[in-house]
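Next comes final_21.cif, a file with mmCIF, C-alpha atoms.
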data_data
loop_
_atom_site.label_atom_id
_atom_site.label_comp_id
_atom_site.auth_asym_id
_atom_site.auth_seq_id
_atom_site.Cartn_x
_atom_site.Cartn_y
_atom_site.Cartn_z
CA MET A 1 39.15 36.80 129.91
CA ILE A 2 40.64 35.36 133.11
CA GLU A 3 44.36 36.08 133.46
CA GLU A 4 46.42 32.92 133.84
CA ASN A 5 48.61 32.67 136.94
CA VAL A 6 52.10 31.30 136.34
CA PHE A 7 54.55 30.18 139.01
CA LEU A 8 58.14 30.33 137.76
CA VAL A 9 60.82 27.74 138.50
CA GLN A 10 64.21 29.30 137.77
CA PRO A 11 67.20 26.93 137.59
CA VAL A 12 70.44 28.46 138.87
CA HIS A 13 73.54 27.42 136.94
CA ASP A 14 75.59 30.62 137.05
CA ARG A 15 75.41 34.34 137.80
CA SER A 16 73.03 35.02 134.91
CA ALA A 17 70.05 33.51 136.79
CA ASP A 18 68.63 36.95 137.69
CA GLU A 19 68.77 38.11 134.06
CA LEU A 20 67.15 34.88 132.87
CA HIS A 21 64.48 35.29 135.54
CA ALA A 22 63.70 38.85 134.41
CA GLU A 23 63.50 37.67 130.82
CA ALA A 24 61.14 34.82 131.81
CA VAL A 25 58.85 37.26 133.63
CA ALA A 26 58.77 39.43 130.50
CA LEU A 27 57.90 36.36 128.42
CA ILE A 28 55.05 35.48 130.81
CA GLU A 29 53.67 39.01 130.55
CA SER A 30 54.04 38.95 126.75
CA ALA A 31 51.84 35.83 126.77
CA GLY A 32 49.15 37.76 128.65
CA ALA A 33 49.69 35.95 131.95
CA LEU A 34 50.78 36.97 135.46
CA CYS A 35 53.88 35.75 137.28
CA THR A 36 52.71 34.99 140.83
CA GLY A 37 55.96 33.77 142.35
CA THR A 38 59.39 32.25 141.79
CA MET A 39 61.34 29.32 143.17
CA TYR A 40 65.09 29.41 142.51
CA VAL A 41 66.61 25.96 142.24
CA ARG A 42 70.36 25.36 142.17
CA ILE A 43 70.96 22.46 139.80
CA ARG A 44 73.92 20.20 140.57
CA THR A 45 72.67 16.94 139.08
CA VAL A 46 69.78 16.69 136.62
CA ASP A 47 67.19 14.11 137.64
CA PRO A 48 66.21 12.24 134.43
CA ALA A 49 62.66 11.72 135.73
CA THR A 50 61.73 15.18 137.03
CA TYR A 51 64.87 17.31 136.43
CA LEU A 52 64.62 18.74 139.97
CA GLY A 53 64.78 15.68 142.19
CA GLU A 54 62.24 14.40 144.75
CA GLY A 55 63.09 16.88 147.51
CA LYS A 56 62.69 19.97 145.33
CA VAL A 57 59.50 18.59 143.77
CA ALA A 58 58.03 18.13 147.26
CA GLU A 59 59.07 21.68 148.21
CA LEU A 60 57.49 23.06 145.04
CA ARG A 61 54.28 21.08 145.66
CA GLU A 62 54.05 22.68 149.11
CA LEU A 63 54.45 26.17 147.63
CA LEU A 64 51.68 25.49 145.12
CA ARG A 65 49.24 24.00 147.63
CA ASP A 66 45.65 25.24 147.21
CA ALA A 67 46.64 27.53 144.33
CA ASP A 68 45.42 27.20 140.75
CA GLN A 69 48.65 27.97 138.90
CA THR A 70 50.54 26.87 135.84
CA VAL A 71 54.18 26.00 136.51
CA LEU A 72 56.75 27.39 134.09
CA PHE A 73 60.15 25.73 134.10
CA ASN A 74 62.59 28.30 132.67
CA GLY A 75 64.53 25.79 130.62
CA GLU A 76 63.77 22.85 128.37
CA LEU A 77 62.16 19.71 129.76
CA SER A 78 61.99 16.33 128.09
CA PRO A 79 58.52 14.90 127.36
CA ALA A 80 58.90 12.45 130.27
CA GLN A 81 60.03 15.15 132.71
CA THR A 82 57.09 17.36 131.74
CA ALA A 83 54.61 14.51 132.26
CA ASN A 84 56.16 13.38 135.55
CA LEU A 85 56.29 16.89 137.02
CA SER A 86 52.69 17.58 136.00
CA GLU A 87 51.56 14.38 137.68
CA ALA A 88 53.61 14.99 140.83
CA LEU A 89 52.45 18.60 141.22
CA GLY A 90 48.86 18.06 140.14
CA THR A 91 48.92 21.03 137.77
CA LYS A 92 49.90 21.97 134.24
CA VAL A 93 53.67 22.21 133.68
CA ILE A 94 55.20 23.96 130.70
CA ASP A 95 58.77 24.79 129.74
CA ARG A 96 60.34 27.85 128.14
CA THR A 97 59.91 26.58 124.58
CA THR A 98 56.18 26.02 125.08
CA LEU A 99 55.84 29.58 126.37
CA ILE A 100 57.73 31.05 123.40
CA LEU A 101 55.60 29.04 120.98
CA ASP A 102 52.51 30.42 122.69
CA ILE A 103 53.74 33.99 122.18
CA PHE A 104 54.49 33.19 118.55
CA ALA A 105 50.91 31.95 118.19
CA LEU A 106 49.62 35.24 119.57
CA ARG A 107 51.83 37.36 117.31
CA ALA A 108 51.60 35.54 113.95
CA GLU A 109 49.45 37.47 111.49
CA SER A 110 50.57 36.47 108.00
CA SER A 111 49.59 33.13 106.51
CA GLU A 112 53.25 32.10 106.39
CA GLY A 113 53.79 33.05 110.01
CA LYS A 114 50.79 31.00 111.07
CA LEU A 115 52.02 28.01 109.09
CA GLN A 116 55.43 28.25 110.74
CA VAL A 117 53.94 28.49 114.22
CA GLU A 118 51.66 25.53 113.61
CA LEU A 119 54.52 23.41 112.28
CA ALA A 120 56.79 24.32 115.19
CA GLN A 121 54.02 23.53 117.70
CA LEU A 122 53.24 20.16 116.14
CA ARG A 123 56.90 19.15 115.94
CA TYR A 124 57.42 20.09 119.57
CA LEU A 125 54.21 18.58 120.93
CA TYR A 126 54.27 15.37 118.90
CA PRO A 127 56.68 13.46 121.19
CA ARG A 128 54.70 14.74 124.19
CA LEU A 129 51.44 13.11 123.09
CA LYS A 130 52.15 9.81 124.78
CA GLY A 131 49.86 9.31 127.74
CA LYS A 132 48.44 12.85 127.55
CA GLY A 133 45.86 12.59 124.75
CA GLY A 134 42.91 14.54 126.08
CA ALA A 135 45.00 17.24 127.77
CA LEU A 136 46.52 18.23 124.44
CA SER A 137 43.33 18.14 122.38
CA ARG A 138 41.55 20.86 124.36
CA LEU A 139 40.65 24.15 122.74
CA GLY A 140 41.86 27.17 124.71
CA GLY A 141 43.05 26.45 128.21
CA GLY A 142 45.88 28.98 128.48
CA ILE A 143 49.57 28.89 127.65
CA GLY A 144 50.66 25.93 125.58
CA THR A 145 47.23 25.21 124.12
CA ARG A 146 46.72 28.26 121.90
CA GLY A 147 47.49 29.04 118.31
CA PRO A 148 47.05 27.46 114.92
CA GLY A 149 46.93 23.72 115.01
CA GLU A 150 45.64 22.90 118.48
CA THR A 151 42.52 21.29 116.97
CA GLN A 152 44.82 18.75 115.29
CA LEU A 153 46.26 17.56 118.58
CA GLU A 154 44.18 14.47 119.09
CA THR A 155 45.77 11.19 119.95
CA ASP A 156 45.92 10.16 116.31
CA ARG A 157 49.68 10.36 115.76
CA ARG A 158 49.36 9.29 112.12
CA HIS A 159 47.06 12.24 111.44
CA ILE A 160 49.57 14.65 113.03
CA ARG A 161 52.45 13.25 110.99
CA ALA A 162 50.39 13.81 107.83
CA ARG A 163 49.64 17.38 108.91
CA ILE A 164 53.35 18.04 109.50
CA ARG A 165 54.17 16.81 105.98
CA THR A 166 51.46 19.05 104.52
CA LEU A 167 52.77 22.10 106.37
CA GLU A 168 56.35 21.37 105.33
CA GLU A 169 55.31 21.25 101.67
CA LYS A 170 53.34 24.51 101.94
CA LEU A 171 56.33 26.25 103.52
CA ARG A 172 58.69 24.90 100.85
CA ALA A 173 56.39 26.39 98.21
CA THR A 174 56.39 29.69 100.11
CA GLU A 175 60.19 29.64 100.30
CA ARG A 176 60.42 29.07 96.55
CA ARG A 177 58.18 32.08 95.92
CA ARG A 178 60.22 34.18 98.34
CA GLY A 179 63.41 33.08 96.61
CA MET A 180 62.08 34.17 93.22
CA LEU A 181 61.08 37.52 94.71
CA THR A 182 64.59 37.97 96.14
CA GLU A 183 66.15 37.18 92.76
CA ARG A 184 63.82 39.63 91.03
CA ARG A 185 64.80 42.37 93.46
CA LYS A 186 68.48 41.69 92.80
CA LYS A 187 67.93 41.90 89.05
CA ASP A 188 66.07 45.19 89.53
CA GLY A 189 68.98 46.55 91.56
CA ALA A 190 67.01 46.83 94.80
CA ARG A 191 69.35 47.13 97.79
CA THR A 192 68.15 45.62 101.05
CA ILE A 193 68.94 46.55 104.64
CA ALA A 194 67.82 44.18 107.40
CA LEU A 195 67.10 45.16 111.00
CA VAL A 196 68.16 42.25 113.17
CA GLY A 197 68.91 41.77 116.83
CA TYR A 198 67.67 40.68 120.20
CA THR A 199 63.96 40.88 120.87
CA ASN A 200 62.56 44.18 122.20
CA THR A 201 65.60 46.32 121.36
CA GLY A 202 63.57 48.83 119.33
CA LYS A 203 63.91 47.54 115.76
CA SER A 204 60.34 48.46 114.81
CA THR A 205 60.75 51.93 116.35
CA LEU A 206 63.90 52.40 114.27
CA LEU A 207 62.06 51.25 111.12
CA ASN A 208 59.43 53.90 111.75
CA ALA A 209 62.03 56.57 112.51
CA LEU A 210 64.00 55.95 109.30
CA THR A 211 61.08 55.46 106.92
CA GLY A 212 58.24 57.49 108.42
CA ALA A 213 56.15 54.32 108.56
CA ASP A 214 53.59 53.53 111.25
CA VAL A 215 54.49 49.94 112.07
CA LEU A 216 53.12 48.59 115.37
CA VAL A 217 55.50 49.24 118.26
CA ARG A 218 54.97 47.38 121.52
CA ASP A 219 57.13 47.08 124.64
CA ALA A 220 56.97 43.29 124.66
CA LEU A 221 59.12 40.35 123.66
CA PHE A 222 58.56 39.07 120.10
CA ALA A 223 56.21 41.95 119.26
CA THR A 224 57.28 41.50 115.62
CA LEU A 225 57.05 37.99 114.22
CA ASP A 226 56.30 38.55 110.53
CA PRO A 227 58.89 40.54 108.51
CA THR A 228 57.90 44.09 107.58
CA SER A 229 59.53 46.02 104.71
CA ARG A 230 59.45 49.73 103.92
CA LYS A 231 61.32 51.95 101.47
CA VAL A 232 63.90 54.37 102.84
CA GLU A 233 65.79 57.07 100.90
CA ILE A 234 69.33 57.99 101.90
CA GLU A 235 71.38 60.53 99.90
CA GLY A 236 69.04 60.14 96.95
CA MET A 237 69.32 56.34 96.91
CA ASP A 238 66.38 54.04 97.61
CA PHE A 239 66.78 51.04 99.90
CA LEU A 240 64.38 48.40 101.18
CA LEU A 241 64.49 48.30 104.99
CA THR A 242 63.15 45.09 106.58
CA ASP A 243 62.32 44.44 110.23
CA THR A 244 62.70 40.80 111.31
CA VAL A 245 61.78 38.56 114.23
CA GLY A 246 63.93 39.14 117.31
CA PHE A 247 66.28 36.61 118.83
CA LEU A 248 66.55 35.32 122.37
CA ARG A 249 69.42 33.66 124.19
CA ASP A 250 69.31 29.86 124.17
CA LEU A 251 66.45 29.91 121.66
CA PRO A 252 66.01 26.24 120.69
CA HIS A 253 67.50 25.54 117.29
CA HIS A 254 64.34 23.93 115.95
CA LEU A 255 62.49 27.20 116.61
CA ILE A 256 65.14 29.14 114.67
CA ASP A 257 64.84 26.66 111.81
CA ALA A 258 61.06 27.06 111.84
CA PHE A 259 61.42 30.77 111.07
CA LYS A 260 64.37 30.51 108.70
CA SER A 261 62.25 31.45 105.68
CA THR A 262 61.17 34.74 107.27
CA LEU A 263 64.83 35.45 108.04
CA GLU A 264 65.79 35.17 104.36
CA SER A 265 65.73 38.98 104.10
CA ALA A 266 68.42 39.13 106.80
CA LEU A 267 70.52 36.25 105.48
CA HIS A 268 70.73 37.67 101.95
CA CYS A 269 70.68 41.41 102.67
CA ASP A 270 73.23 43.90 101.35
CA LEU A 271 73.69 45.32 104.85
CA ALA A 272 72.43 44.35 108.31
CA LEU A 273 71.85 46.73 111.19
CA ILE A 274 72.33 44.74 114.40
CA VAL A 275 70.26 46.62 116.96
CA CYS A 276 71.18 46.33 120.67
CA ASP A 277 69.56 47.86 123.76
CA ALA A 278 72.17 50.22 125.23
CA GLY A 279 70.38 50.10 128.58
CA GLY A 280 70.57 46.29 128.81
CA ASP A 281 73.17 43.54 128.47
CA TYR A 282 74.16 44.60 124.97
CA ALA A 283 77.27 42.39 124.87
CA MET A 284 75.08 39.31 125.37
CA GLN A 285 72.53 40.61 122.85
CA LEU A 286 75.21 41.13 120.20
CA GLU A 287 76.81 37.73 120.83
CA THR A 288 73.42 35.96 120.71
CA THR A 289 72.47 37.69 117.45
CA LEU A 290 75.78 36.98 115.71
CA GLN A 291 75.83 33.35 116.84
CA THR A 292 72.26 32.79 115.62
CA LEU A 293 72.85 34.48 112.26
CA ARG A 294 76.13 32.71 111.59
CA GLY A 295 74.50 29.41 112.46
CA LEU A 296 72.09 30.10 109.59
CA GLY A 297 74.89 30.93 107.13
CA PHE A 298 74.85 34.74 107.45
CA SER A 299 77.86 36.46 105.85
CA SER A 300 76.65 39.98 104.94
CA PRO A 301 78.37 43.15 106.19
CA TYR A 302 76.78 44.74 109.24
CA LEU A 303 76.73 47.82 111.46
CA ILE A 304 76.24 47.67 115.23
CA VAL A 305 73.51 50.09 116.33
CA MET A 306 73.18 50.88 120.04
CA ASN A 307 69.58 51.98 120.48
CA LYS A 308 68.13 53.64 123.61
CA CYS A 309 71.49 55.36 124.20
CA ASP A 310 69.74 57.72 126.61
CA ARG A 311 69.52 54.74 129.00
CA MET A 312 73.17 53.69 128.74
CA PRO A 313 74.97 53.73 132.12
CA GLN A 314 77.69 56.40 132.27
CA GLU A 315 80.40 53.86 133.08
CA ALA A 316 79.47 51.61 130.14
CA HIS A 317 81.68 51.17 127.08
CA GLU A 318 79.85 50.52 123.84
CA PRO A 319 81.25 48.03 121.31
CA LYS A 320 83.96 49.31 118.97
CA ASP A 321 82.60 51.18 115.93
CA ALA A 322 79.04 51.05 117.33
CA ILE A 323 76.62 53.82 116.38
CA CYS A 324 74.74 55.22 119.39
CA ILE A 325 71.20 56.38 118.70
CA SER A 326 67.77 56.81 120.22
CA ALA A 327 65.16 55.80 117.67
CA LYS A 328 62.42 57.12 119.96
CA TYR A 329 63.88 60.64 120.22
CA GLY A 330 65.76 60.79 116.90
CA THR A 331 69.19 61.12 118.48
CA GLY A 332 72.03 59.94 116.24
CA LEU A 333 69.86 59.15 113.21
CA PRO A 334 71.74 61.54 110.85
CA LEU A 335 75.00 59.76 111.76
CA LEU A 336 73.35 56.37 111.20
CA ARG A 337 72.16 57.44 107.76
CA LYS A 338 75.69 58.65 106.94
CA LYS A 339 77.20 55.31 108.04
CA ILE A 340 74.64 53.37 105.99
CA TYR A 341 75.48 55.46 102.93
CA GLU A 342 79.22 54.89 103.42
CA ALA A 343 78.71 51.15 103.89
CA MET A 344 76.67 50.91 100.68
CA ALA A 345 78.62 53.42 98.55
CA ASP A 346 80.74 50.78 96.83
CA LYS A 347 77.58 49.19 95.41
CA PHE A 348 76.79 52.30 93.34
CA VAL A 349 78.47 54.63 90.88
CA THR A 350 77.50 58.25 90.32
CA GLY A 351 77.86 60.15 87.09
CA GLU A 352 76.30 62.52 84.61
CA LEU A 353 74.41 60.98 81.71
CA PHE A 354 73.60 62.63 78.41
CA VAL A 355 70.50 61.23 76.72
CA PRO A 356 69.91 62.44 73.13
CA TYR A 357 66.24 62.94 72.43
CA ALA A 358 66.48 60.31 69.67
CA GLN A 359 67.43 57.73 72.32
CA ALA A 360 64.80 58.76 74.87
CA ALA A 361 62.81 55.53 74.49
CA GLN A 362 65.93 53.38 75.02
CA TYR A 363 66.79 55.35 78.16
CA ALA A 364 63.20 55.18 79.44
CA ALA A 365 63.37 51.36 79.46
CA LEU A 366 66.50 51.50 81.65
CA ARG A 367 65.42 54.37 83.87
CA PRO A 368 63.77 52.23 86.63
CA LEU A 369 67.22 50.73 87.37
CA ILE A 370 68.73 54.03 88.59
CA THR A 371 68.05 56.97 90.88
CA GLU A 372 67.95 60.37 89.21
CA ARG A 373 69.29 63.16 91.40
CA SER A 374 68.73 65.98 88.91
CA VAL A 375 67.48 66.43 85.34
CA ARG A 376 68.30 69.31 82.95
CA TYR A 377 67.00 69.74 79.41
CA THR A 378 69.20 71.11 76.61
CA ASP A 379 68.68 71.71 72.92
CA ASP A 380 70.16 68.32 72.00
CA GLY A 381 69.06 66.08 74.86
CA THR A 382 68.72 65.57 78.61
CA LEU A 383 71.47 65.81 81.22
CA VAL A 384 70.88 63.50 84.15
CA GLU A 385 72.89 63.30 87.36
CA ALA A 386 72.31 59.68 88.39
CA VAL A 387 73.16 57.02 90.96
CA ILE A 388 73.61 53.67 89.21
CA PRO A 389 73.83 50.23 90.86
CA ILE A 390 77.25 48.81 90.03
CA GLU A 391 75.84 45.72 88.32
CA HIS A 392 73.89 47.91 85.86
CA ALA A 393 76.67 50.41 85.11
CA ALA A 394 77.58 48.79 81.78
CA LYS A 395 74.05 49.34 80.46
CA PHE A 396 74.48 53.12 80.81
CA ARG A 397 78.00 53.38 79.41
CA GLY A 398 76.69 54.71 76.11
CA PHE A 399 74.94 57.58 77.94
CA LEU A 400 77.83 58.48 80.22
CA LYS A 401 78.95 62.04 79.54
CA GLN A 402 82.62 62.28 78.60
CA GLU A 403 84.60 64.91 80.48
#
Same coordinates, now as structure tokens:
Amino acid sequence: MIEENVFLVQPVHDRSADELHAEAVALIESAGALCTGTMYVRIRTVDPATYLGEGKVAELRELLRDADQTVLFNGELSPAQTANLSEALGTKVIDRTTLILDIFALRAESSEGKLQVELAQLRYLYPRLKGKGGALSRLGGGIGTRGPGETQLETDRRHIRARIRTLEEKLRATERRRGMLTERRKKDGARTIALVGYTNTGKSTLLNALTGADVLVRDALFATLDPTSRKVEIEGMDFLLTDTVGFLRDLPHHLIDAFKSTLESALHCDLALIVCDAGGDYAMQLETTLQTLRGLGFSSPYLIVMNKCDRMPQEAHEPKDAICISAKYGTGLPLLRKKIYEAMADKFVTGELFVPYAQAAQYAALRPLITERSVRYTDDGTLVEAVIPIEHAAKFRGFLKQE
């Protein structure tokens, strides 16, 4: 497979241009391409036709002369700006959203994830069909042309609208099934903990470290797209720990909406662990994550987890009440478990139950709702030290041993 060469155009609005540039390079590499060069452009006035203006377009055309490269604009272009720049430069032009969608297409594995990617691609590409027909109907062809749904991108706009409606209905059905599953877990007393945060902060590594699972870990942006859940036991209590898709600063809202259903586990969790990279701009990561979650209606309690604490600069000051860990090396994990237990303790009651042998069948029907810490058999019945979800406590009142 020939590696695609990508020339990066980085707009400069403020001091964060270098960080945005580094993030764009990481995105390019995550898409399996190679960043061959960068042109920094200070933007004072946005040109409605080409965003950059005639002088900068001419300068960029000179830099690209005799080179077969895709141009990535690290921002969002309108359909007209994309078409005009592509024509003026004589090469394919993509923007940041197209690149992210391409990475999503590479990462999606579940049927729901593929549906979401296809829908997001079609919604984004639909207004860009005008005047581009053949260029968008190709199979393959590098970034911006991969993933589920590219075979639908002919010039038949009516056909694409019908496909969008079909995908929307399939995803609504999936959301209904997911909602019923969430309600069933609540009725069963299952407590959920969601791993959320900026992309590539080590959420999957932390999932593996806490649960002993072997979930794929990759040093790349958006390595996890589909949610992954594993059981974790803390102080004798079972929880469902779920890893979710990572966030990115200035992620277009329609992309967030596209993956809202896979974020249900985070939006309705009992506790969220917001994972930040202690060696990076963790203040920005935390702000981006909280803004994104709150925009989706998130209101659950959360703990701030500073991962990769071995990389934290000595002069840095972590956020107040943050828990510093290294998921890779196991540092700080006992403290994290303790904090999780303390945060969830009010959702459980502990006590000693006495189950007469005559009522063993009645107790057996309720037993899946609790966690048994110890069991002792006596002449008259069974003594059970148990952890009981607060919403099920009344069902065990008759078995509660009186002091």
Residues within 12 Å of (56.3, 16.3, 133.3), file coordinates, counting only C-alpha atoms: what are they? Give the list as a PyMOL selection string. chain A and resi 47-52+57+71-73+76-95+128-132
Give me, as a PyMOL selection string, all polymer residues having an atom no more than 7 Å from Gln116 in chain A, counting only C-alpha atoms and skipping those fewer than 3 positions away in the same chain. chain A and resi 112-113+119-120+258-259
Residues from the last selection, C-alpha atoms, saved as a PDB file, keeping the file's coordinate frame:
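Writing done, so here's selection02.pdb:
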ATOM      1  CA  GLU A 112      53.250  32.100 106.390  1.00  0.00           C
ATOM      2  CA  GLY A 113      53.790  33.050 110.010  1.00  0.00           C
ATOM      3  CA  LEU A 119      54.520  23.410 112.280  1.00  0.00           C
ATOM      4  CA  ALA A 120      56.790  24.320 115.190  1.00  0.00           C
ATOM      5  CA  ALA A 258      61.060  27.060 111.840  1.00  0.00           C
ATOM      6  CA  PHE A 259      61.420  30.770 111.070  1.00  0.00           C
TER       7      PHE A 259
END
Of the candidates A:Glu235, A:Glu169, A:Glu264, A:Asp346, which shows the shortest atom-to-atom distance to Pro334 in chain A, using only C-alpha atoms?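 Ranked by minimum distance to Pro334 in chain A, first place goes to A:Glu235.
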Provide the CA of Arg191 in chain A to CA of Leu241 in chain A distance in Å, to one decimal place.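 If I compute the distance from CA of Arg191 in chain A to CA of Leu241 in chain A, I get 8.8 Å.
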Considering only C-alpha atoms, can you say which of A:Ile325, A:Ala360, A:Leu240, A:Leu101 comes closest to Ala266 in chain A?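 Nearest to Ala266 in chain A: A:Leu240.
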Which residues, named as in the file, does the PyMOL selection byres ((chain A and resi 96) around 12) pick out? Answer as a PyMOL selection string. chain A and resi 8-11+20-21+23-28+31+71-78+82+93-95+97-103+124+143-144+248-252+255
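Considering the residues A:Ala22, A:Ala361, A:Leu122, A:Thr378 and counting only C-alpha atoms, Ala162 in chain A has its shortest atom-to-atom contact with A:Leu122.
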Between CA of Gln285 in chain A and CA of Leu171 in chain A, what distance in Å does the model show, to one decimal?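 A separation of 29.0 Å between them.
Comparing the minimum interatomic distances between Thr192 in chain A and each of A:Leu293, A:Leu353, A:Met306, A:Leu271, counting all atoms listed in the file, we find that A:Leu271 sits nearest.
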Could you give me, as a list in words, the residues that sit within 10 Å of (56.5, 36.4, 143.2) in the file's coordinates, counting all atoms listed in the file? Val6, Phe7, Leu8, Val25, Leu34, Cys35, Thr36, Gly37, Thr38 and Met39 of chain A
Excluding same-chain residues fewer than 3 positions from Leu369 in chain A, what lies within 12 Å of it counting all atoms listed in the file, as a PyMOL selection string? chain A and resi 185-191+237-238+348+363-366+372+386-396
Using all atoms listed in the file, which of the listed residues (A:Gly279, A:Thr174, A:Arg42, A:Arg65) sits closest to Glu315 in chain A? A:Gly279
Pairwise distance for CA of Ser299 in chain A and CA of Ala194 in chain A, rounded to one decimal in Å: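 Computed distance, CA of Ser299 in chain A to CA of Ala194 in chain A, equals 12.8 Å.
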Since fewer atoms than expected are present, regenerate N, CA and C atoms for range 61-79 of chain A and write them as a PDB file, in the frame of the given file.
ATOM      1  N   ARG A  61      55.675  21.469 145.459  1.00  0.00           N
ATOM      2  CA  ARG A  61      54.280  21.080 145.660  1.00  0.00           C
ATOM      3  C   ARG A  61      53.696  21.799 146.874  1.00  0.00           C
ATOM      4  N   GLU A  62      54.509  21.979 147.902  1.00  0.00           N
ATOM      5  CA  GLU A  62      54.050  22.680 149.110  1.00  0.00           C
ATOM      6  C   GLU A  62      53.785  24.157 148.806  1.00  0.00           C
ATOM      7  N   LEU A  63      54.635  24.760 147.991  1.00  0.00           N
ATOM      8  CA  LEU A  63      54.450  26.170 147.630  1.00  0.00           C
ATOM      9  C   LEU A  63      53.187  26.381 146.798  1.00  0.00           C
ATOM     10  N   LEU A  64      52.822  25.378 146.017  1.00  0.00           N
ATOM     11  CA  LEU A  64      51.680  25.490 145.120  1.00  0.00           C
ATOM     12  C   LEU A  64      50.361  25.055 145.751  1.00  0.00           C
ATOM     13  N   ARG A  65      50.410  24.579 146.985  1.00  0.00           N
ATOM     14  CA  ARG A  65      49.240  24.000 147.630  1.00  0.00           C
ATOM     15  C   ARG A  65      48.064  24.981 147.633  1.00  0.00           C
ATOM     16  N   ASP A  66      46.902  24.471 147.221  1.00  0.00           N
ATOM     17  CA  ASP A  66      45.650  25.240 147.210  1.00  0.00           C
ATOM     18  C   ASP A  66      45.698  26.451 146.269  1.00  0.00           C
ATOM     19  N   ALA A  67      46.565  26.422 145.286  1.00  0.00           N
ATOM     20  CA  ALA A  67      46.640  27.530 144.330  1.00  0.00           C
ATOM     21  C   ALA A  67      46.508  26.988 142.909  1.00  0.00           C
ATOM     22  N   ASP A  68      45.641  27.623 142.139  1.00  0.00           N
ATOM     23  CA  ASP A  68      45.420  27.200 140.750  1.00  0.00           C
ATOM     24  C   ASP A  68      46.433  27.949 139.874  1.00  0.00           C
ATOM     25  N   GLN A  69      47.585  27.316 139.636  1.00  0.00           N
ATOM     26  CA  GLN A  69      48.650  27.970 138.900  1.00  0.00           C
ATOM     27  C   GLN A  69      49.293  27.018 137.885  1.00  0.00           C
ATOM     28  N   THR A  70      49.720  27.595 136.801  1.00  0.00           N
ATOM     29  CA  THR A  70      50.540  26.870 135.840  1.00  0.00           C
ATOM     30  C   THR A  70      51.995  27.015 136.270  1.00  0.00           C
ATOM     31  N   VAL A  71      52.763  25.955 136.150  1.00  0.00           N
ATOM     32  CA  VAL A  71      54.180  26.000 136.510  1.00  0.00           C
ATOM     33  C   VAL A  71      55.008  26.137 135.242  1.00  0.00           C
ATOM     34  N   LEU A  72      55.825  27.193 135.200  1.00  0.00           N
ATOM     35  CA  LEU A  72      56.750  27.390 134.090  1.00  0.00           C
ATOM     36  C   LEU A  72      58.156  27.036 134.539  1.00  0.00           C
ATOM     37  N   PHE A  73      58.759  26.080 133.861  1.00  0.00           N
ATOM     38  CA  PHE A  73      60.150  25.730 134.100  1.00  0.00           C
ATOM     39  C   PHE A  73      60.984  26.513 133.093  1.00  0.00           C
ATOM     40  N   ASN A  74      61.831  27.432 133.572  1.00  0.00           N
ATOM     41  CA  ASN A  74      62.590  28.300 132.670  1.00  0.00           C
ATOM     42  C   ASN A  74      63.813  27.575 132.113  1.00  0.00           C
ATOM     43  N   GLY A  75      63.537  26.614 131.272  1.00  0.00           N
ATOM     44  CA  GLY A  75      64.530  25.790 130.620  1.00  0.00           C
ATOM     45  C   GLY A  75      63.782  24.838 129.714  1.00  0.00           C
ATOM     46  N   GLU A  76      64.440  23.810 129.238  1.00  0.00           N
ATOM     47  CA  GLU A  76      63.770  22.850 128.370  1.00  0.00           C
ATOM     48  C   GLU A  76      63.652  21.508 129.066  1.00  0.00           C
ATOM     49  N   LEU A  77      62.435  20.999 129.150  1.00  0.00           N
ATOM     50  CA  LEU A  77      62.160  19.710 129.760  1.00  0.00           C
ATOM     51  C   LEU A  77      61.940  18.656 128.685  1.00  0.00           C
ATOM     52  N   SER A  78      62.300  17.429 128.993  1.00  0.00           N
ATOM     53  CA  SER A  78      61.990  16.330 128.090  1.00  0.00           C
ATOM     54  C   SER A  78      60.504  15.998 128.220  1.00  0.00           C
ATOM     55  N   PRO A  79      59.933  15.289 127.246  1.00  0.00           N
ATOM     56  CA  PRO A  79      58.520  14.900 127.360  1.00  0.00           C
ATOM     57  C   PRO A  79      58.235  14.145 128.655  1.00  0.00           C
TER      58      PRO A  79
END
